[in-house]
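K.L.:
Okay, so here is start13.csv, and as you'll see once you scroll down, it has CSV, C-alpha atoms and all ligand atoms.
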```csv
chain,number,residue,atom,x,y,z
R,1,MET,CA,-42.2,49.0,-27.2
R,2,LEU,CA,-40.3,52.2,-27.2
R,3,PRO,CA,-41.9,54.3,-24.5
R,4,TYR,CA,-43.1,57.9,-25.3
R,5,GLY,CA,-41.5,59.2,-22.1
R,6,ARG,CA,-39.1,57.8,-19.6
R,7,GLN,CA,-37.1,59.0,-16.5
R,8,SER,CA,-33.3,59.1,-16.5
R,9,ILE,CA,-32.0,57.8,-13.2
R,10,SER,CA,-28.2,58.0,-12.5
R,11,ASP,CA,-26.0,56.3,-9.8
R,12,GLU,CA,-25.9,59.7,-8.1
R,13,ASP,CA,-29.7,59.7,-7.9
R,14,VAL,CA,-29.7,56.3,-6.3
R,15,ALA,CA,-27.1,57.3,-3.8
R,16,ALA,CA,-28.9,60.5,-2.9
R,17,VAL,CA,-32.1,58.5,-2.1
R,18,THR,CA,-30.4,55.8,-0.1
R,19,ALA,CA,-28.5,58.3,1.9
R,20,VAL,CA,-31.7,59.8,3.2
R,21,LEU,CA,-33.0,56.3,4.3
R,22,GLY,CA,-30.2,56.2,7.0
R,23,THR,CA,-31.1,59.6,8.5
R,24,ASP,CA,-33.7,60.6,11.1
R,25,TRP,CA,-35.8,62.4,8.6
R,26,LEU,CA,-37.8,60.5,6.0
R,27,THR,CA,-40.2,63.4,5.7
R,28,THR,CA,-40.5,67.1,6.9
R,29,GLY,CA,-36.7,67.1,7.1
R,30,PRO,CA,-33.7,69.0,5.6
R,31,ALA,CA,-33.8,67.4,2.2
R,32,VAL,CA,-37.2,69.0,1.6
R,33,THR,CA,-35.8,72.5,2.6
R,34,ARG,CA,-32.8,71.9,0.3
R,35,PHE,CA,-35.0,70.8,-2.7
R,36,GLU,CA,-37.1,73.9,-2.2
R,37,GLU,CA,-33.9,76.1,-2.2
R,38,ASP,CA,-32.6,74.3,-5.3
R,39,LEU,CA,-36.0,74.8,-7.1
R,40,ALA,CA,-35.9,78.5,-6.1
R,41,ALA,CA,-32.4,78.8,-7.7
R,42,VAL,CA,-33.7,77.3,-10.9
R,43,THR,CA,-37.1,79.1,-11.1
R,44,GLY,CA,-36.1,82.5,-9.6
R,45,ASN,CA,-38.8,82.4,-6.9
R,46,ALA,CA,-39.7,80.7,-3.7
R,47,ALA,CA,-40.9,77.1,-4.1
R,48,VAL,CA,-43.2,74.8,-2.0
R,49,ALA,CA,-42.6,71.1,-2.6
R,50,VAL,CA,-45.7,68.9,-2.7
R,51,THR,CA,-46.7,65.3,-3.6
R,52,SER,CA,-47.7,65.8,-7.2
R,53,GLY,CA,-48.4,68.3,-10.0
R,54,THR,CA,-52.1,67.8,-9.2
R,55,ALA,CA,-51.4,68.7,-5.5
R,56,ALA,CA,-49.5,71.7,-6.7
R,57,LEU,CA,-52.5,72.9,-8.7
R,58,HIS,CA,-54.9,72.3,-5.7
R,59,VAL,CA,-52.5,74.1,-3.3
R,60,ALA,CA,-52.0,77.0,-5.7
R,61,TYR,CA,-55.7,77.5,-6.3
R,62,ALA,CA,-56.3,77.3,-2.5
R,63,ALA,CA,-53.5,79.8,-1.9
R,64,ALA,CA,-55.2,82.1,-4.4
R,65,GLY,CA,-58.4,81.9,-2.3
R,66,VAL,CA,-60.4,80.1,-5.1
R,67,GLY,CA,-63.8,78.9,-3.9
R,68,PRO,CA,-67.5,78.9,-4.5
R,69,GLY,CA,-68.9,81.9,-6.4
R,70,GLN,CA,-65.6,82.5,-8.3
R,71,ASP,CA,-64.8,81.8,-11.9
R,72,VAL,CA,-61.5,80.3,-13.0
R,73,VAL,CA,-60.6,80.6,-16.6
R,74,VAL,CA,-58.7,77.4,-17.8
R,75,ALA,CA,-57.1,76.3,-21.1
R,76,PRO,CA,-58.8,73.1,-22.3
R,77,LEU,CA,-55.8,71.5,-24.0
R,78,THR,CA,-54.5,70.0,-20.8
R,79,PHE,CA,-54.5,67.1,-18.4
R,80,VAL,CA,-57.9,67.2,-16.5
R,81,ALA,CA,-56.2,68.2,-13.2
R,82,THR,CA,-55.7,71.8,-14.3
R,83,ALA,CA,-59.5,72.2,-14.3
R,84,ALA,CA,-60.5,69.5,-11.8
R,85,THR,CA,-58.7,71.0,-8.8
R,86,ALA,CA,-60.4,74.4,-9.3
R,87,ALA,CA,-63.8,72.6,-9.6
R,88,LEU,CA,-63.1,70.6,-6.4
R,89,LEU,CA,-62.6,73.9,-4.6
R,90,GLY,CA,-66.1,74.9,-5.7
R,91,ALA,CA,-65.2,77.3,-8.4
R,92,ASN,CA,-67.0,77.7,-11.7
R,93,VAL,CA,-64.5,76.6,-14.5
R,94,ILE,CA,-64.7,78.6,-17.7
R,95,PHE,CA,-62.8,77.1,-20.6
R,96,ALA,CA,-61.1,79.6,-23.0
R,97,ASP,CA,-59.7,78.4,-26.3
R,98,VAL,CA,-56.1,78.0,-27.3
R,99,CYS,CA,-53.9,79.4,-30.1
R,100,ASP,CA,-53.6,77.2,-33.2
R,101,ASP,CA,-49.8,77.3,-33.4
R,102,THR,CA,-48.7,76.6,-29.8
R,103,GLY,CA,-51.8,75.0,-28.2
R,104,ASN,CA,-51.5,77.6,-25.4
R,105,LEU,CA,-54.2,79.7,-23.9
R,106,ASP,CA,-55.2,82.4,-26.4
R,107,PRO,CA,-55.1,85.8,-24.6
R,108,ASP,CA,-58.1,87.1,-26.7
R,109,ALA,CA,-60.2,84.1,-25.7
R,110,ALA,CA,-59.1,84.5,-22.0
R,111,LYS,CA,-60.0,88.2,-22.1
R,112,ALA,CA,-63.4,87.4,-23.5
R,113,ALA,CA,-64.0,84.7,-20.8
R,114,VAL,CA,-63.2,86.9,-17.9
R,115,THR,CA,-66.1,88.0,-15.6
R,116,ALA,CA,-66.4,90.2,-12.5
R,117,SER,CA,-66.1,87.0,-10.5
R,118,THR,CA,-62.8,85.7,-12.1
R,119,SER,CA,-60.2,85.1,-9.5
R,120,VAL,CA,-57.6,83.1,-11.5
R,121,ILE,CA,-56.6,82.7,-15.2
R,122,ALA,CA,-54.8,79.3,-15.6
R,123,GLY,CA,-52.7,78.8,-18.7
R,124,VAL,CA,-50.7,75.7,-19.5
R,125,ASP,CA,-47.2,75.6,-21.1
R,126,TYR,CA,-48.3,73.0,-23.6
R,127,ALA,CA,-45.5,70.6,-24.7
R,128,GLY,CA,-43.0,72.9,-22.8
R,129,HIS,CA,-43.6,76.1,-24.8
R,130,PRO,CA,-44.3,79.0,-22.3
R,131,ILE,CA,-47.6,80.8,-22.4
R,132,ASP,CA,-47.7,84.5,-23.5
R,133,ALA,CA,-47.3,85.4,-19.8
R,134,SER,CA,-46.9,89.2,-20.0
R,135,VAL,CA,-50.1,89.7,-22.0
R,136,LEU,CA,-52.0,87.1,-19.9
R,137,SER,CA,-50.9,88.6,-16.6
R,138,ASP,CA,-52.0,92.1,-17.7
R,139,ILE,CA,-55.5,90.6,-18.6
R,140,ALA,CA,-55.6,88.8,-15.2
R,141,HIS,CA,-54.5,91.8,-13.2
R,142,ASP,CA,-56.8,94.3,-15.0
R,143,ALA,CA,-59.6,91.9,-13.9
R,144,GLY,CA,-58.4,91.8,-10.3
R,145,ALA,CA,-57.3,88.1,-10.9
R,146,LEU,CA,-54.1,86.2,-10.6
R,147,LEU,CA,-52.3,84.4,-13.4
R,148,LEU,CA,-51.5,80.7,-12.8
R,149,GLU,CA,-49.1,78.9,-15.1
R,150,ASP,CA,-49.4,75.2,-15.2
R,151,ALA,CA,-45.7,74.5,-16.0
R,152,ALA,CA,-45.9,70.7,-15.6
R,153,HIS,CA,-44.2,70.5,-19.0
R,154,SER,CA,-41.9,73.4,-19.0
R,155,VAL,CA,-39.5,73.7,-16.0
R,156,GLY,CA,-36.2,74.9,-17.4
R,157,GLY,CA,-37.8,76.9,-20.2
R,158,ARG,CA,-37.7,80.7,-20.8
R,159,TRP,CA,-39.9,83.3,-22.3
R,160,HIS,CA,-38.1,86.4,-23.6
R,161,GLY,CA,-35.2,85.6,-21.3
R,162,HIS,CA,-37.3,85.2,-18.2
R,163,ARG,CA,-37.4,81.8,-16.5
R,164,VAL,CA,-40.5,79.6,-16.1
R,165,GLY,CA,-41.3,80.4,-12.4
R,166,GLU,CA,-40.7,84.2,-13.0
R,167,LEU,CA,-43.6,84.7,-15.4
R,168,ALA,CA,-46.8,84.3,-13.4
R,169,ASP,CA,-48.2,84.9,-9.9
R,170,LEU,CA,-48.4,81.2,-9.3
R,171,THR,CA,-46.5,78.5,-11.2
R,172,THR,CA,-47.1,74.8,-10.7
R,173,LEU,CA,-44.6,72.0,-11.6
R,174,SER,CA,-45.0,68.2,-11.8
R,175,PHE,CA,-42.2,65.7,-11.2
R,176,PHE,CA,-44.0,62.6,-12.6
R,177,PRO,CA,-41.5,60.2,-14.3
R,178,THR,CA,-42.3,61.3,-17.8
R,179,LYS,CA,-41.8,65.0,-17.0
R,180,ASN,CA,-38.7,67.0,-17.4
R,181,LEU,CA,-37.3,65.9,-14.1
R,182,THR,CA,-38.7,63.4,-11.6
R,183,THR,CA,-39.2,62.6,-7.9
R,184,ALA,CA,-41.4,59.5,-8.9
R,185,GLU,CA,-44.5,61.5,-7.7
R,186,GLY,CA,-44.1,65.1,-6.8
R,187,GLY,CA,-44.7,68.7,-7.7
R,188,ALA,CA,-44.1,72.3,-6.5
R,189,VAL,CA,-45.8,75.7,-6.3
R,190,VAL,CA,-43.5,78.6,-7.2
R,191,SER,CA,-44.4,82.3,-6.5
R,192,PRO,CA,-42.9,85.7,-6.1
R,193,SER,CA,-45.5,86.6,-3.5
R,194,PRO,CA,-44.7,85.9,0.1
R,195,SER,CA,-48.4,85.7,1.0
R,196,LEU,CA,-49.2,83.2,-1.7
R,197,ILE,CA,-46.2,81.1,-0.6
R,198,ALA,CA,-47.4,81.2,3.0
R,199,GLY,CA,-50.9,80.2,1.9
R,200,ALA,CA,-49.4,77.3,-0.1
R,201,ARG,CA,-47.3,76.1,2.9
R,202,GLY,CA,-50.4,76.2,5.1
R,203,PHE,CA,-52.7,74.2,2.7
R,204,ARG,CA,-49.9,71.6,2.2
R,205,ASN,CA,-49.8,70.9,5.9
R,206,HIS,CA,-53.4,70.8,7.2
R,207,GLY,CA,-53.5,74.6,7.7
R,208,LEU,CA,-51.6,74.1,11.0
R,209,VAL,CA,-50.4,77.3,12.6
R,210,ARG,CA,-47.3,76.8,14.8
R,211,ASP,CA,-46.1,80.4,15.1
R,212,ARG,CA,-47.3,81.6,18.5
R,213,ASP,CA,-47.6,85.2,17.3
R,214,ALA,CA,-50.2,84.1,14.8
R,215,GLN,CA,-52.2,81.8,17.0
R,216,ARG,CA,-55.6,82.6,18.5
R,217,PHE,CA,-54.8,80.6,21.7
R,218,PRO,CA,-51.0,81.0,22.1
R,219,ASP,CA,-51.2,80.3,25.9
R,220,GLU,CA,-52.6,76.8,25.4
R,221,GLY,CA,-49.2,75.3,25.9
R,222,PRO,CA,-45.9,74.6,24.2
R,223,TRP,CA,-47.4,71.6,22.3
R,224,HIS,CA,-50.1,73.7,20.8
R,225,GLN,CA,-50.8,74.1,17.1
R,226,GLU,CA,-54.1,75.2,15.6
R,227,VAL,CA,-55.9,75.3,12.3
R,228,HIS,CA,-57.4,78.5,11.0
R,229,ALA,CA,-58.3,77.2,7.5
R,230,PHE,CA,-58.7,73.7,6.3
R,231,GLY,CA,-55.8,72.1,4.5
R,232,LEU,CA,-54.5,68.6,3.5
R,233,ASN,CA,-51.3,66.6,3.8
R,234,TYR,CA,-49.5,67.2,0.5
R,235,ARG,CA,-45.9,67.0,2.0
R,236,LEU,CA,-43.2,65.6,-0.3
R,237,PRO,CA,-41.1,63.1,1.6
R,238,ASP,CA,-37.3,63.7,2.1
R,239,LEU,CA,-36.5,60.6,0.1
R,240,LEU,CA,-38.2,62.1,-3.0
R,241,ALA,CA,-36.9,65.6,-2.4
R,242,ALA,CA,-33.4,64.2,-2.4
R,243,LEU,CA,-34.1,62.6,-5.8
R,244,GLY,CA,-35.4,65.9,-7.0
R,245,SER,CA,-32.2,67.8,-5.9
R,246,SER,CA,-30.0,65.2,-7.6
R,247,GLN,CA,-32.1,65.4,-10.8
R,248,LEU,CA,-32.0,69.2,-10.8
R,249,THR,CA,-28.3,69.1,-11.3
R,250,ARG,CA,-28.9,67.6,-14.7
R,251,LEU,CA,-32.0,69.7,-15.7
R,252,ASP,CA,-30.0,71.8,-18.2
R,253,ALA,CA,-28.6,68.6,-19.8
R,254,PHE,CA,-32.1,67.1,-20.0
R,255,VAL,CA,-33.5,70.2,-21.6
R,256,ALA,CA,-30.7,70.4,-24.1
R,257,ARG,CA,-31.0,66.7,-25.1
R,258,ARG,CA,-34.8,67.1,-25.4
R,259,ALA,CA,-34.2,70.1,-27.7
R,260,GLU,CA,-31.8,68.1,-29.9
R,261,ILE,CA,-34.3,65.3,-30.3
R,262,HIS,CA,-37.0,67.9,-31.1
R,263,ALA,CA,-34.9,69.4,-33.8
R,264,ARG,CA,-34.1,66.0,-35.2
R,265,TYR,CA,-37.8,65.1,-35.6
R,266,ASP,CA,-38.4,68.6,-37.1
R,267,ALA,CA,-35.7,68.0,-39.7
R,268,ALA,CA,-36.8,64.5,-40.5
R,269,LEU,CA,-40.5,65.4,-40.9
R,270,ALA,CA,-40.3,68.9,-42.4
R,271,ASP,CA,-41.0,67.8,-46.0
R,272,VAL,CA,-44.0,65.6,-45.2
R,273,PRO,CA,-47.0,67.6,-46.3
R,274,GLU,CA,-49.5,65.4,-44.4
R,275,VAL,CA,-48.1,66.5,-41.1
R,276,ARG,CA,-47.3,69.7,-39.2
R,277,THR,CA,-44.3,69.9,-36.9
R,278,PRO,CA,-44.5,72.0,-33.7
R,279,SER,CA,-44.3,75.8,-33.8
R,280,ARG,CA,-42.1,77.9,-31.6
R,281,ARG,CA,-42.8,81.6,-31.1
R,282,ASP,CA,-40.1,84.4,-31.2
R,283,GLY,CA,-38.9,84.8,-27.6
R,284,ALA,CA,-39.7,81.3,-26.6
R,285,ASP,CA,-37.0,79.0,-25.3
R,286,PRO,CA,-39.1,75.9,-24.6
R,287,ALA,CA,-38.1,73.0,-22.4
R,288,TRP,CA,-39.7,70.5,-24.7
R,289,HIS,CA,-41.6,67.9,-22.8
R,290,LEU,CA,-43.7,66.6,-25.8
R,291,TYR,CA,-43.2,66.4,-29.5
R,292,PRO,CA,-46.8,67.1,-30.6
R,293,LEU,CA,-47.0,66.1,-34.3
R,294,ARG,CA,-50.2,67.2,-36.1
R,295,VAL,CA,-51.7,64.9,-38.7
R,296,LEU,CA,-53.5,67.0,-41.3
R,297,ASP,CA,-55.2,64.4,-43.5
R,298,GLY,CA,-57.6,63.0,-41.0
R,299,ARG,CA,-55.6,59.8,-40.4
R,300,ARG,CA,-54.5,60.5,-36.9
R,301,ARG,CA,-56.1,57.4,-35.4
R,302,GLU,CA,-54.7,55.2,-38.2
R,303,LEU,CA,-51.2,56.5,-37.8
R,304,PHE,CA,-51.4,56.2,-34.0
R,305,GLU,CA,-52.4,52.5,-34.3
R,306,HIS,CA,-49.8,51.9,-36.9
R,307,LEU,CA,-47.1,53.4,-34.7
R,308,ARG,CA,-48.2,51.4,-31.7
R,309,ALA,CA,-48.2,48.2,-33.9
R,310,SER,CA,-44.7,49.1,-35.0
R,311,GLY,CA,-43.5,49.2,-31.4
R,312,VAL,CA,-43.5,53.0,-31.0
R,313,GLY,CA,-45.2,54.2,-27.8
R,314,VAL,CA,-47.1,57.2,-28.8
R,315,GLN,CA,-49.7,59.2,-26.8
R,316,VAL,CA,-52.4,61.8,-27.5
R,317,ASN,CA,-52.2,65.0,-25.4
R,318,TYR,CA,-54.9,65.9,-24.7
R,319,VAL,CA,-58.6,65.2,-25.1
R,320,PRO,CA,-60.2,68.6,-24.3
R,321,ALA,CA,-60.7,68.7,-20.6
R,322,TYR,CA,-64.4,69.5,-20.9
R,323,TRP,CA,-65.0,66.3,-23.0
R,324,HIS,CA,-64.6,64.3,-19.8
R,325,PRO,CA,-68.0,63.0,-18.8
R,326,VAL,CA,-67.7,64.7,-15.4
R,327,PHE,CA,-67.8,68.1,-17.2
R,328,GLU,CA,-70.3,67.0,-19.7
R,329,ASP,CA,-72.6,66.0,-16.8
R,330,LEU,CA,-72.2,69.6,-15.5
R,331,GLY,CA,-73.5,70.9,-18.9
R,332,TYR,CA,-70.3,71.6,-20.7
R,333,ARG,CA,-70.7,70.9,-24.5
R,334,ARG,CA,-68.5,69.9,-27.3
R,335,GLY,CA,-67.8,72.7,-29.8
R,336,MET,CA,-67.0,75.2,-27.0
R,337,CYS,CA,-63.3,75.6,-27.9
R,338,PRO,CA,-63.0,74.6,-31.6
R,339,VAL,CA,-59.3,75.3,-31.9
R,340,ALA,CA,-58.5,73.0,-29.0
R,341,GLU,CA,-60.8,70.4,-30.4
R,342,GLU,CA,-59.1,70.6,-33.8
R,343,TYR,CA,-55.7,70.4,-32.2
R,344,TYR,CA,-56.8,67.3,-30.3
R,345,ARG,CA,-58.1,65.6,-33.4
R,346,GLN,CA,-54.8,66.1,-35.2
R,347,GLU,CA,-52.3,65.4,-32.4
R,348,ILE,CA,-49.9,62.5,-31.7
R,349,SER,CA,-47.0,62.8,-29.2
R,350,LEU,CA,-43.9,61.1,-30.5
R,351,PRO,CA,-41.4,59.5,-28.0
R,352,LEU,CA,-39.3,62.2,-26.3
R,353,PHE,CA,-37.0,61.7,-23.4
R,354,PRO,CA,-33.3,62.3,-22.8
R,355,ASP,CA,-32.1,58.8,-23.2
R,356,LEU,CA,-33.8,58.3,-26.6
R,357,THR,CA,-31.0,57.7,-29.1
R,358,ASP,CA,-30.6,59.4,-32.5
R,359,ALA,CA,-31.2,56.0,-34.0
R,360,ASP,CA,-34.5,55.6,-32.1
R,361,VAL,CA,-35.6,59.1,-33.4
R,362,ASP,CA,-34.6,58.2,-37.0
R,363,ARG,CA,-36.6,55.0,-36.7
R,364,VAL,CA,-39.7,56.7,-35.4
R,365,ALA,CA,-39.5,59.4,-38.1
R,366,SER,CA,-39.0,56.7,-40.8
R,367,VAL,CA,-42.1,54.8,-39.6
R,368,VAL,CA,-44.1,58.1,-39.9
R,369,ARG,CA,-42.6,58.9,-43.3
R,370,ALA,CA,-43.2,55.4,-44.7
R,371,TYR,CA,-46.8,55.5,-43.5
R,372,PHE,CA,-47.4,58.4,-45.8
R,373,GLY,CA,-45.4,56.8,-48.6
R,374,TYR,CA,-42.1,58.7,-48.3
R,375,GLY,CA,-38.6,57.1,-48.0
R,376,SER,CA,-36.3,57.9,-45.1
J,401,LIG,C1,-48.7,65.9,-15.5
J,401,LIG,C2,-49.6,67.1,-15.5
J,401,LIG,C3,-50.3,67.5,-14.4
J,401,LIG,C4,-50.5,66.6,-13.1
J,401,LIG,O1,-49.2,66.3,-12.6
J,401,LIG,P1,-49.1,65.0,-11.7
J,401,LIG,O2,-47.8,65.1,-11.1
J,401,LIG,O3,-49.3,63.8,-12.6
J,401,LIG,O4,-50.2,65.0,-10.7
J,401,LIG,C5,-51.0,68.7,-14.5
J,401,LIG,N1,-51.0,69.4,-15.6
J,401,LIG,C6,-50.4,69.0,-16.7
J,401,LIG,C7,-50.4,69.9,-17.9
J,401,LIG,C8,-49.6,67.8,-16.7
J,401,LIG,O5,-49.0,67.4,-17.8
```
Show me, as structure tokens, the structure contained in the file I just sent.
Ligand SMILES: *Cc1c(COP(=O)(O)O)cnc(C)c1O
P.N.:
Amino acid sequence: MLPYGRQSISDEDVAAVTAVLGTDWLTTGPAVTRFEEDLAAVTGNAAVAVTSGTAALHVAYAAAGVGPGQDVVVAPLTFVATAATAALLGANVIFADVCDDTGNLDPDAAKAAVTASTSVIAGVDYAGHPIDASVLSDIAHDAGALLLEDAAHSVGGRWHGHRVGELADLTTLSFFPTKNLTTAEGGAVVSPSPSLIAGARGFRNHGLVRDRDAQRFPDEGPWHQEVHAFGLNYRLPDLLAALGSSQLTRLDAFVARRAEIHARYDAALADVPEVRTPSRRDGADPAWHLYPLRVLDGRRRELFEHLRASGVGVQVNYVPAYWHPVFEDLGYRRGMCPVAEEYYRQEISLPLFPDLTDADVDRVASVVRAYFGYGS
């Protein structure tokens, strides 16, 4: 079975990880600092490395002060973690619909969803296409809220020349193996705000305060560290940080190859009227993580099963987050975000990863074409 996503691991990646095993620092060491510096160089802002993209969301919402009594506006066409982490902090999640072309949070819907209690608007760079960040941050800031960009799909992308990481108050990344670069499990929070970065660092490490000037009981002794706000252990080990730094040296190549594959699918499927190929807005320089094909004739499930039976590992991204029973049990109902639901009903993600060959792409496209009765 051809996978729909797969990591690219080089000999240099292997050497970088094994080198750390022989040092004193398996975690909380210099490879983490270096990875954070490397991420800052790529994203344009300070980065805090954590253990997953989910941890990054949890840390980012915590740094934003999200808690009970607050509303967080979230795009529903996403992995459940974008919403679940805000709910876990006690916030009221409000889903706002997406745009039909990109699948990204619709600024008009976000604006309509904002309340006096909104503390964060969370958009998702669906498939790797950046959100309309300037418009969304104006809406957030006018409401006294922050813009969070879930960039699990899009590190390495740009919007009107600005890098993903420079677009929002808080940007979260994931380094799961299928994503644009990997640390096995891993993630990061990126922000231009020193206070949000300090909040993220605190929550990642139990909320421990080691700086004597900031301590309530600085004279307790030289061993003393104290907690002012609860946190968790979301520290990324040095082993994985070293893999991340090594992977980052190839991020541009990964993004370029993903774009080539994307364009090859576009060309191969452009004349099939039963499907719709992904849209790209003016000003967007996506780092394509997914190839979301839309099946317009209602046969999405049949095509999905046919592709799987033909050895093509496809996925569907995503069931609307509020369809998960945990949200249904809280009173969220189907029909709330009709554009996201229609997008979901049509969507199939075709295989997309840097080591996919042109011949693989052509074979996948010809299975799709043949299914609808067209030659290759
Ligand atoms: C992968 C992903 C996450 C979660 O990242 P993990 O590293 O798997 O925890 C969150 N949001 C989106 C949009 C994702 O694709």
K.L.:
Would you pick out the contacts of segment 227-233 of chain R at 10 Å or less, using only C-alpha atoms, so that residues sharing its chain but fewer than 5 positions from it are not included, and give the list as a PyMOL selection string?
P.N.:
chain R and resi 50-51+55+58-59+62+199-210+214-216
K.L.:
What would the file look like if the residues just selected were written as a short mmCIF file (atom, residue, chain, number, x, y, z; two decimals), keeping the file's coordinate frame with C-alpha atoms?
P.N.:
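The resulting selection_23.cif:
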```
data_model
loop_
_atom_site.label_atom_id
_atom_site.label_comp_id
_atom_site.auth_asym_id
_atom_site.auth_seq_id
_atom_site.Cartn_x
_atom_site.Cartn_y
_atom_site.Cartn_z
CA VAL R 50 -45.70 68.90 -2.70
CA THR R 51 -46.70 65.30 -3.60
CA ALA R 55 -51.40 68.70 -5.50
CA HIS R 58 -54.90 72.30 -5.70
CA VAL R 59 -52.50 74.10 -3.30
CA ALA R 62 -56.30 77.30 -2.50
CA GLY R 199 -50.90 80.20 1.90
CA ALA R 200 -49.40 77.30 -0.10
CA ARG R 201 -47.30 76.10 2.90
CA GLY R 202 -50.40 76.20 5.10
CA PHE R 203 -52.70 74.20 2.70
CA ARG R 204 -49.90 71.60 2.20
CA ASN R 205 -49.80 70.90 5.90
CA HIS R 206 -53.40 70.80 7.20
CA GLY R 207 -53.50 74.60 7.70
CA LEU R 208 -51.60 74.10 11.00
CA VAL R 209 -50.40 77.30 12.60
CA ARG R 210 -47.30 76.80 14.80
CA ALA R 214 -50.20 84.10 14.80
CA GLN R 215 -52.20 81.80 17.00
CA ARG R 216 -55.60 82.60 18.50
#
```
K.L.:
Find the residues of chain R that sit at most 8 Å from ligand LIG 401 (chain J); for each, write down the nearest two atoms and how far apart they are in Å, to one decimal. Count all atoms listed in the file. Sort by chain, then by number going up, and give it as CSV.
P.N.:
```
residue,atom,partner,partner_atom,distance
R:Thr51,CA,J:LIG401,O2,7.6
R:Ser52,CA,J:LIG401,O2,4.0
R:Gly53,CA,J:LIG401,O1,3.4
R:Thr54,CA,J:LIG401,O4,3.7
R:Ala55,CA,J:LIG401,O4,6.5
R:Ala56,CA,J:LIG401,O4,7.8
R:Leu57,CA,J:LIG401,C5,7.3
R:Thr78,CA,J:LIG401,C7,5.0
R:Phe79,CA,J:LIG401,C6,4.8
R:Val80,CA,J:LIG401,N1,7.3
R:Ala81,CA,J:LIG401,C5,5.4
R:Thr82,CA,J:LIG401,N1,5.4
R:Val124,CA,J:LIG401,C7,6.0
R:Asp125,CA,J:LIG401,C7,7.3
R:Tyr126,CA,J:LIG401,C7,6.8
R:Asp150,CA,J:LIG401,N1,6.0
R:Ala151,CA,J:LIG401,C7,6.8
R:Ala152,CA,J:LIG401,C8,4.8
R:His153,CA,J:LIG401,O5,5.8
R:Leu173,CA,J:LIG401,O1,7.4
R:Ser174,CA,J:LIG401,O2,4.2
R:Phe175,CA,J:LIG401,O2,5.6
R:Phe176,CA,J:LIG401,O2,4.8
R:Lys179,CA,J:LIG401,C1,7.1
R:Glu185,CA,J:LIG401,O2,6.0
R:Gly186,CA,J:LIG401,O2,5.7
R:Gly187,CA,J:LIG401,O2,5.8
```
K.L.:
Deliver the residues from the most recent selection as a file, using C-alpha atoms, as a compact mmCIF listing (two decimals), in the frame of the given file.
P.N.:
```
# COMPACT_ATOMS: atom_id res chain seq x y z
CA THR R 51 -46.70 65.30 -3.60
CA SER R 52 -47.70 65.80 -7.20
CA GLY R 53 -48.40 68.30 -10.00
CA THR R 54 -52.10 67.80 -9.20
CA ALA R 55 -51.40 68.70 -5.50
CA ALA R 56 -49.50 71.70 -6.70
CA LEU R 57 -52.50 72.90 -8.70
CA THR R 78 -54.50 70.00 -20.80
CA PHE R 79 -54.50 67.10 -18.40
CA VAL R 80 -57.90 67.20 -16.50
CA ALA R 81 -56.20 68.20 -13.20
CA THR R 82 -55.70 71.80 -14.30
CA VAL R 124 -50.70 75.70 -19.50
CA ASP R 125 -47.20 75.60 -21.10
CA TYR R 126 -48.30 73.00 -23.60
CA ASP R 150 -49.40 75.20 -15.20
CA ALA R 151 -45.70 74.50 -16.00
CA ALA R 152 -45.90 70.70 -15.60
CA HIS R 153 -44.20 70.50 -19.00
CA LEU R 173 -44.60 72.00 -11.60
CA SER R 174 -45.00 68.20 -11.80
CA PHE R 175 -42.20 65.70 -11.20
CA PHE R 176 -44.00 62.60 -12.60
CA LYS R 179 -41.80 65.00 -17.00
CA GLU R 185 -44.50 61.50 -7.70
CA GLY R 186 -44.10 65.10 -6.80
CA GLY R 187 -44.70 68.70 -7.70
```
K.L.:
Kindly give the distance, in Å, that separates atom CA of Gly283 of chain R and atom CA of Arg6 of chain R, rounded to a single decimal.
P.N.:
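Between atom CA of Gly283 of chain R and atom CA of Arg6 of chain R the gap is 28.2 Å.
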K.L.:
Would you pick out the contacts of segment 361-376 of chain R at 7 Å or less, using only C-alpha atoms, so that residues sharing its chain but fewer than 5 positions from it are not included, and give the list as a PyMOL selection string?
P.N.:
chain R and resi 265+268-269+312
K.L.:
Take the point (-59.7, 73.5, -32.8) in the file's coordinates, draw a sphere of radius 12 Å around it, and report as a VMD selection string every protein, DNA or RNA residue with an atom inside or on it, counting only C-alpha atoms.
P.N.:
chain R and resid 76 to 77 96 to 104 106 294 319 to 320 334 to 347
K.L.:
Grab the atom CA of Asp142 of chain R to atom CA of Ala75 of chain R distance for me, in Å with one decimal place.
P.N.:
19.0 Å
K.L.:
Quick check, in Å to one decimal: how far apart do atom CA of Pro194 of chain R and atom CA of Glu220 of chain R lie?
P.N.:
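According to the coordinates, atom CA of Pro194 of chain R and atom CA of Glu220 of chain R are separated by 28.0 Å.
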K.L.:
Taking 3 positions as the minimum chain separation for residues in the same chain, which residues sit within 8 Å of Leu148 of chain R when counting all atoms listed in the file? Answer as a PyMOL selection string.
P.N.:
chain R and resi 120-123+168-172
K.L.:
Hey, which of R:Pro130, R:Pro354, R:Pro292, R:Pro237 ends up closest to Leu167 of chain R? Count all atoms listed in the file.
P.N.:
R:Pro130
K.L.:
For Val42 of chain R, list every protein, DNA or RNA residue within 9 Å, evaluated using all atoms listed in the file, and leave out those in the same chain fewer than 6 positions away; present the list as a PyMOL selection string.
P.N.:
chain R and resi 155-156+163-165+248
K.L.:
Take segment 358-365 of chain R from the block and save it with C-alpha atoms, as an mmCIF file, in the first residue's frame.
P.N.:
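Result written to result.cif:
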```cif
data_model
loop_
_atom_site.group_PDB
_atom_site.id
_atom_site.type_symbol
_atom_site.label_atom_id
_atom_site.label_comp_id
_atom_site.auth_asym_id
_atom_site.auth_seq_id
_atom_site.Cartn_x
_atom_site.Cartn_y
_atom_site.Cartn_z
ATOM 1 C CA ASP R 358 6.444 10.994 -10.404
ATOM 2 C CA ALA R 359 5.498 7.458 -11.455
ATOM 3 C CA ASP R 360 3.605 6.999 -8.152
ATOM 4 C CA VAL R 361 1.765 10.294 -8.712
ATOM 5 C CA ASP R 362 0.862 9.299 -12.273
ATOM 6 C CA ARG R 363 -0.428 5.943 -11.084
ATOM 7 C CA VAL R 364 -2.622 7.516 -8.383
ATOM 8 C CA ALA R 365 -3.984 10.049 -10.876
#
```
